[in-house]
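Please read the structure below before turning to the comments.
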Amino acid sequence: MALDTEGIGKRDSRWSQAENSDFDIVIIGGGISGTSLFARMSSEGYKTLLIDKGDFSSATSQASGMMIWGGLLYMKNLDFSTVISLSRDRDNLISQCPSRIRPQYFYYFSLRHGWQVAPLIKAGLDFYRLLGGMRRGRNFIETDPSEKNILKTGQFRNPLAYEEGMLNYSDCRFVIDLIRRYDSERTIPLNYVKFNNAEFSKKDKIWRIELSDMFAQRSADITSRLIITATGPYCEHVNRIVDIRTPYKHVFSKGVYVAFRHPDSHTHPLKFEMGHKSDVQTFVPWGPVSLWGPTETRIDSLDEETFPTEDDVSFLLEQASRNLDQSFEKKDIISYRAGVRALAVPKSYHADEHPLELSRHYRIHLERKKNWIAVYGGKFTSGSTLASMVMRKVSERPPAKAGGFGLRLKAGSIGPSAD
Ligand SMILES: Cc1cc2nc3c(=O)[nH]c(=O)nc-3n(C[C@H](O)[C@H](O)[C@H](O)COP(=O)(O)OP(=O)(O)OC[C@H]3O[C@@H](n4cnc5c(N)ncnc54)[C@H](O)[C@@H]3O)c2cc1C
C-alpha cells in the first residue's frame with residue numbers, strides 16, 4: 001500500500017512500524033478475501049498486518065466480471081444453498097456499500113429456438129428471486145431493451161430483466177479503497193512483501209515470522225498470535241511452507257474476458273444462453289469498454305497457461321459474433337482480463353468434472369493447535385461474509401480442554417469507522 005498515492009515514504013514508515021512488532025493477526029494475501037478479513041479484524045480492534053507478495057488485488061481479484069450476484073448460474077446444478085448464501089452476501093454488500101455497489105438490472109436472453117421456453121426461464125428467475133429472499137426488484141420481460149440494435153437480428157426473445165448488484169468502478173479499486181480505509185499505524189497493509197517462513201512456539205502460542213521486502217532488499221522478523229492464509233489459488237503453496245495440512249484443496253478454472261469498444265446503447269449487463277454446458281456468456285458495460293466472456297477452462301496447475309490463449313480468444317470472438325450484431329475479429333479486442341478461479345473441493349476429490357459443476361462456496365480450515373486459518377474458494381461477492389465467518393472462529397470461546405484456539409482478544413482499542 002502507499003505505493004500508488006502516498007509514495008515510498010509512507011510505505012517505508014509502515015515497514016518500520018511493522019518491523020519487530022507483535023501482531024494479533026497476520027493475513028497473507030491482499031485480494032478481496034484477505035482484504036475483507038483485514039477490514040473486519042482491524043475494525044474489531046486487532047493489531048493486524050496484511051501482506052501481499054505483489055500488488056494488492058493483482059491476482060484473481062482483478063479479473064472478475066465485477067458482478068455482485070446471487071449465483072444464478074448455479075441454479076442449473078440445483079446448488080440452492082450457494083444461491084441462498086450468495087444472494088444474502090450480495091444484498092448485504094449492496095446495503096453496506098451504497099457508494100461502491102449499485103443495484104443493477106441484468107437482461108437474460110434465451111435462445112429463440114432453445115428448448116427452454118421463456119415461461120420456464122421466467123419461472124426459474126422468479127424462483128431465483130424467491131431464494132434471494134425477494135429482497136431485489138421484481139423480474140419482468142423487457143419489451144424494448146436499449147441494446148436491441150447491438151443484438152444479432154432475429155436470434156432472441158425479449159429479455160428477462162432481473163436485479164443483481166454491480167461494482168461501480170472496478171474490483172481492484174474496491175479492494176484498494178477498502179485497504180486504504182483501514183491503513184493505520186496499528187493496522188498495516190504492505191504490498192510486495194514475501195512470506196519466507198514461520199515457526200510456531202507451542203509454549204507461547206506465538207508465530208515467529210520472517211518477511212522480506214521485495215522492494216528494498218531487507219527483511220523483518222515479526223510475531224503474531226494468528227496467521228490467516230487468503231492467498232487464493234496459492235493457498236497450498238503457503239500452507240506447505242509451514243506444513244499445515246487441511247481437508248481441502250483447489251481445483252483451478254481459468255477465466256478470460258475480452259474488451260471491445262463500448263457501444264453507446266449498451267447500459268445493462270447482458271447474459272446470453274449458450275445452449276451447452278449450461279453456461280452463459282456475459283456482455284458487461286465497463287467505462288469505455290464492454291467485456292465479453294468469461295471462459296471457464298479447467299487447468300491442472302498454476303504452471304499452465306493462466307493467460308489468454310489462441311483457443312480462448314477464438315472461442316470468445318466466435319461467441320460474441322454469434323450473439324451480437326457484428327463479426328468480431330482480433331483487431332477489435334482492446335484488452336484482456338484473465339484470472340484463475342480457485343474452487344474449493346475436499347482433498348480426496350479426483351473427478352474430472354467441468355468447473356461449472358463445482359461449488360463456489362468458500363471453506364475455512366482452522367488449525368487449532370497452531371493458530372492458523374486457511375481460506376479456500378469463495379467469490380468476490382462472498383468476501384465480506386467470509387470475513388464474518390472467520391471472525392466468529394477467532395472470537396469463539398476456547399474449548400474446555402487445553403490446546404484450544406482461545407484468541408478472544410480485547411476489541412476496540414482503535415476502532416476505525418465501519419463502511
Ligand atoms: C473471469 C472471472 C470472473 C469472475 N467474476 C466474478 C463476479 O462477477 N463476481 C464474483 O463475485 N466473483 C467473480 N469471480 C471470482 C472472484 O474474482 C474470486 O473469487 C476472488 O477474486 C478471489 O479472491 P481471493 O482474495 O480469494 O484471491 P486473489 O484475488 O487471487 O488474492 C490472493 C492474493 O494472495 C497473494 N499471494 C499469493 N501468494 C502469496 C504469498 N506467498 N505471499 C503473499 N501474498 C501472496 C496474491 O498476490 C493475491 O493478491 C470471477 C473470477 C474470474 C476468474
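Residue names in the C-alpha cells use chain letters A, B, ... in the order shown, residue numbers from 1 in each chain, and ligand numbers from 1 in the order shown.
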Interface rows for chain A against ligand 1: nearest pair, Å to one decimal, 7 Å, only C-alpha atoms and all ligand atoms, as CSV:
residue,atom,partner,partner_atom_place_in_ligand_line,distance
A:Ile28,CA,ligand 1,43 (C),5.0
A:Gly29,CA,ligand 1,34 (O),3.3
A:Gly30,CA,ligand 1,49 (O),4.6
A:Gly31,CA,ligand 1,25 (O),3.3
A:Ile32,CA,ligand 1,25 (O),4.0
A:Ser33,CA,ligand 1,25 (O),3.8
A:Gly34,CA,ligand 1,25 (O),5.5
A:Ile51,CA,ligand 1,43 (C),5.7
A:Asp52,CA,ligand 1,44 (N),3.5
A:Lys53,CA,ligand 1,43 (C),3.9
A:Gly54,CA,ligand 1,47 (O),4.8
A:Asp55,CA,ligand 1,49 (O),6.4
A:Phe56,CA,ligand 1,49 (O),5.2
A:Ser57,CA,ligand 1,49 (O),4.7
A:Ser58,CA,ligand 1,49 (O),5.0
A:Ala59,CA,ligand 1,30 (O),4.3
A:Thr60,CA,ligand 1,29 (O),3.9
A:Ser61,CA,ligand 1,21 (O),3.3
A:Gln62,CA,ligand 1,21 (O),6.8
A:Ala63,CA,ligand 1,2 (C),5.3
A:Ser64,CA,ligand 1,4 (C),3.3
A:Gly65,CA,ligand 1,8 (O),3.6
A:Met66,CA,ligand 1,8 (O),4.3
A:Met67,CA,ligand 1,8 (O),3.7
A:Ile68,CA,ligand 1,9 (N),5.3
A:Trp69,CA,ligand 1,9 (N),6.3
A:Val193,CA,ligand 1,43 (C),6.5
A:Lys194,CA,ligand 1,42 (N),5.1
A:Phe195,CA,ligand 1,42 (N),5.1
A:Ala230,CA,ligand 1,26 (O),5.9
A:Thr231,CA,ligand 1,34 (O),3.4
A:Gly232,CA,ligand 1,27 (O),3.6
A:Pro233,CA,ligand 1,30 (O),5.9
A:Tyr234,CA,ligand 1,38 (N),4.9
A:Cys235,CA,ligand 1,38 (N),6.9
A:His237,CA,ligand 1,41 (N),6.9
A:Val238,CA,ligand 1,41 (N),5.5
A:Lys254,CA,ligand 1,53 (C),5.9
A:Gly255,CA,ligand 1,1 (C),3.7
A:Val256,CA,ligand 1,1 (C),5.1
A:Tyr257,CA,ligand 1,1 (C),6.4
A:Pro294,CA,ligand 1,1 (C),5.3
A:Thr295,CA,ligand 1,1 (C),6.9
A:Ala338,CA,ligand 1,1 (C),5.8
A:Gly339,CA,ligand 1,53 (C),4.1
A:Val340,CA,ligand 1,53 (C),4.6
A:Arg341,CA,ligand 1,53 (C),4.6
A:Ala342,CA,ligand 1,19 (O),7.0
A:Gly377,CA,ligand 1,26 (O),6.4
A:Gly378,CA,ligand 1,19 (O),4.9
A:Lys379,CA,ligand 1,19 (O),3.2
A:Phe380,CA,ligand 1,11 (O),3.5
A:Thr381,CA,ligand 1,11 (O),3.7
A:Ser382,CA,ligand 1,11 (O),6.6
- Message: as a list in words, please: the residues near Pro98 of chain A (cut-off 12 Å, only C-alpha atoms, same-chain neighbours under 4 positions excluded).
- Response: Arg90, Asp91, Asn92, Leu93, Ile94, Arg102, Pro103, Gly165, Met166, Leu167, Asn168 and Asp419 of chain A
- Query: DSSP on the backbone: what in segment 244-316 of chain A comes out strand (DSSP E), as a PyMOL selection string?
  - Reply: chain A and resi 248-261+270-273+280-286+289-293+297-299
Please dump the current selection as a short mmCIF file (atom, residue, chain, number, x, y, z; two decimals), in the first residue's frame; keep N, CA and C atoms.
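File part-v2.cif, as written:
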data_model
loop_
_atom_site.label_atom_id
_atom_site.label_comp_id
_atom_site.auth_asym_id
_atom_site.auth_seq_id
_atom_site.Cartn_x
_atom_site.Cartn_y
_atom_site.Cartn_z
N TYR A 248 -8.98 -29.66 2.56
CA TYR A 248 -9.40 -29.10 1.26
C TYR A 248 -8.22 -28.94 0.32
N LYS A 249 -8.58 -28.78 -0.95
CA LYS A 249 -7.59 -28.35 -1.95
C LYS A 249 -8.36 -27.53 -2.98
N HIS A 250 -7.65 -27.00 -3.96
CA HIS A 250 -8.31 -26.22 -5.00
C HIS A 250 -8.30 -26.94 -6.34
N VAL A 251 -9.40 -26.79 -7.06
CA VAL A 251 -9.41 -27.11 -8.49
C VAL A 251 -9.36 -25.74 -9.18
N PHE A 252 -8.56 -25.63 -10.23
CA PHE A 252 -8.37 -24.33 -10.87
C PHE A 252 -9.18 -24.21 -12.16
N SER A 253 -9.81 -23.07 -12.32
CA SER A 253 -10.55 -22.81 -13.55
C SER A 253 -10.15 -21.44 -14.09
N LYS A 254 -9.59 -21.45 -15.29
CA LYS A 254 -9.15 -20.17 -15.88
C LYS A 254 -10.35 -19.45 -16.49
N GLY A 255 -10.41 -18.15 -16.27
CA GLY A 255 -11.49 -17.35 -16.86
C GLY A 255 -10.92 -16.17 -17.61
N VAL A 256 -11.41 -15.95 -18.83
CA VAL A 256 -10.90 -14.85 -19.66
C VAL A 256 -12.06 -14.01 -20.18
N TYR A 257 -11.90 -12.71 -20.13
CA TYR A 257 -12.80 -11.76 -20.80
C TYR A 257 -12.01 -11.03 -21.88
N VAL A 258 -12.69 -10.65 -22.96
CA VAL A 258 -12.07 -9.71 -23.91
C VAL A 258 -12.87 -8.42 -23.86
N ALA A 259 -12.18 -7.30 -24.05
CA ALA A 259 -12.86 -6.00 -24.01
C ALA A 259 -12.95 -5.43 -25.42
N PHE A 260 -14.18 -5.06 -25.79
CA PHE A 260 -14.41 -4.38 -27.08
C PHE A 260 -14.78 -2.92 -26.80
N ARG A 261 -14.80 -2.13 -27.84
CA ARG A 261 -15.26 -0.74 -27.68
C ARG A 261 -16.69 -0.75 -27.17
N LEU A 270 -25.59 -7.94 -20.09
CA LEU A 270 -26.44 -8.85 -20.85
C LEU A 270 -25.94 -10.28 -20.65
N LYS A 271 -26.87 -11.19 -20.43
CA LYS A 271 -26.48 -12.61 -20.26
C LYS A 271 -27.07 -13.38 -21.42
N PHE A 272 -26.25 -14.20 -22.09
CA PHE A 272 -26.71 -14.97 -23.24
C PHE A 272 -26.57 -16.46 -22.94
N GLU A 273 -27.67 -17.16 -23.18
CA GLU A 273 -27.61 -18.61 -23.04
C GLU A 273 -26.73 -19.18 -24.14
N VAL A 280 -23.40 -19.54 -19.62
CA VAL A 280 -23.87 -18.32 -20.26
C VAL A 280 -22.65 -17.45 -20.56
N GLN A 281 -22.80 -16.56 -21.52
CA GLN A 281 -21.78 -15.56 -21.78
C GLN A 281 -22.36 -14.22 -21.38
N THR A 282 -21.49 -13.33 -20.96
CA THR A 282 -21.95 -12.05 -20.43
C THR A 282 -21.31 -10.91 -21.21
N PHE A 283 -22.08 -9.87 -21.43
CA PHE A 283 -21.54 -8.66 -22.06
C PHE A 283 -21.79 -7.54 -21.07
N VAL A 284 -20.70 -7.04 -20.48
CA VAL A 284 -20.82 -6.10 -19.35
C VAL A 284 -20.27 -4.73 -19.74
N PRO A 285 -21.08 -3.67 -19.62
CA PRO A 285 -20.53 -2.34 -19.90
C PRO A 285 -19.59 -1.92 -18.78
N TRP A 286 -18.43 -1.43 -19.14
CA TRP A 286 -17.44 -1.06 -18.11
C TRP A 286 -16.64 0.13 -18.63
N VAL A 289 -15.18 0.52 -22.31
CA VAL A 289 -15.22 -0.78 -22.99
C VAL A 289 -16.42 -1.60 -22.53
N SER A 290 -16.68 -2.66 -23.27
CA SER A 290 -17.67 -3.66 -22.83
C SER A 290 -16.96 -5.00 -22.83
N LEU A 291 -17.13 -5.74 -21.73
CA LEU A 291 -16.40 -7.01 -21.57
C LEU A 291 -17.25 -8.17 -22.06
N TRP A 292 -16.66 -9.02 -22.90
CA TRP A 292 -17.35 -10.23 -23.34
C TRP A 292 -16.65 -11.45 -22.71
N GLY A 293 -17.43 -12.35 -22.15
CA GLY A 293 -16.84 -13.57 -21.58
C GLY A 293 -17.71 -14.10 -20.47
N THR A 297 -12.28 -22.70 -18.08
CA THR A 297 -11.44 -23.81 -18.52
C THR A 297 -10.68 -24.40 -17.34
N ARG A 298 -10.87 -25.66 -17.13
CA ARG A 298 -10.15 -26.29 -16.03
C ARG A 298 -8.67 -26.39 -16.38
N ILE A 299 -7.81 -26.00 -15.46
CA ILE A 299 -6.37 -26.20 -15.66
C ILE A 299 -5.84 -27.00 -14.48
#
- Run DSSP on the backbone and grab whatever in segment 153-326 of chain A lands in helix (DSSP H, G or I); send it over as JSON, numbers by chain. {"A": [171, 172, 173, 174, 175, 176, 177, 178, 179, 180, 181, 182, 232, 233, 234, 235, 236, 237, 238, 239, 240, 241, 310, 311, 312, 313, 314, 315, 316, 317, 318, 319, 320, 321, 322, 323]}
- Query: Given the choices A:Asn239, A:Ser170, A:Ser265, A:Gln326, which gets closest to Ile373 of chain A if the distance is worked out from only C-alpha atoms?
  - Reply: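 Ranked by minimum distance to Ile373 of chain A, first place goes to A:Asn239.
By only C-alpha atoms, and with residues fewer than 4 positions from Asp22 of chain A along its chain excluded, the set lying at most 8 Å from it is Ile222, Thr223 and Ser224 of chain A.
Atom CA of Lys47 of chain A sits 5.6 Å away from atom CA of Thr187 of chain A.
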- Note on the structure: Between A:Thr229, A:Ser301, A:Ser212, A:Ser327, smallest distance to Val390 of chain A by only C-alpha atoms belongs to A:Thr229
- Minimum-distance residue to Glu210 of chain A, chosen among A:Leu386, A:Ile188, A:Ile228, A:Ile241 (using only C-alpha atoms):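 When distances to Glu210 of chain A are compared using only C-alpha atoms, the smallest one comes from A:Ile241.
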- Would you work out the distance separating atom CA of Asp325 of chain A from atom CA of Asn149 of chain A, expressed in Å to one decimal?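 Here the two named atoms are 7.6 Å from each other.
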- Message: Using only C-alpha atoms, can you tell me which of A:Leu131, A:Ile227, A:Ala374, A:Leu190 comes closest to Arg208 of chain A?
- Response: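 Counting only C-alpha atoms, the residue closest to Arg208 of chain A is A:Ile227.
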- Query: How many Å lie between atom CA of Arg88 of chain A and atom CA of Lys122 of chain A, rounded to one decimal?
  - Reply: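 Going from atom CA of Arg88 of chain A over to atom CA of Lys122 of chain A, I get 21.1 Å.
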- For Leu160 of chain A, please output as JSON, numbers by chain all residues within 8 Å (counting only C-alpha atoms; exclusion window: fewer than 6 positions along the same chain). {"A": [107, 108, 109, 122, 139, 140, 141, 142]}
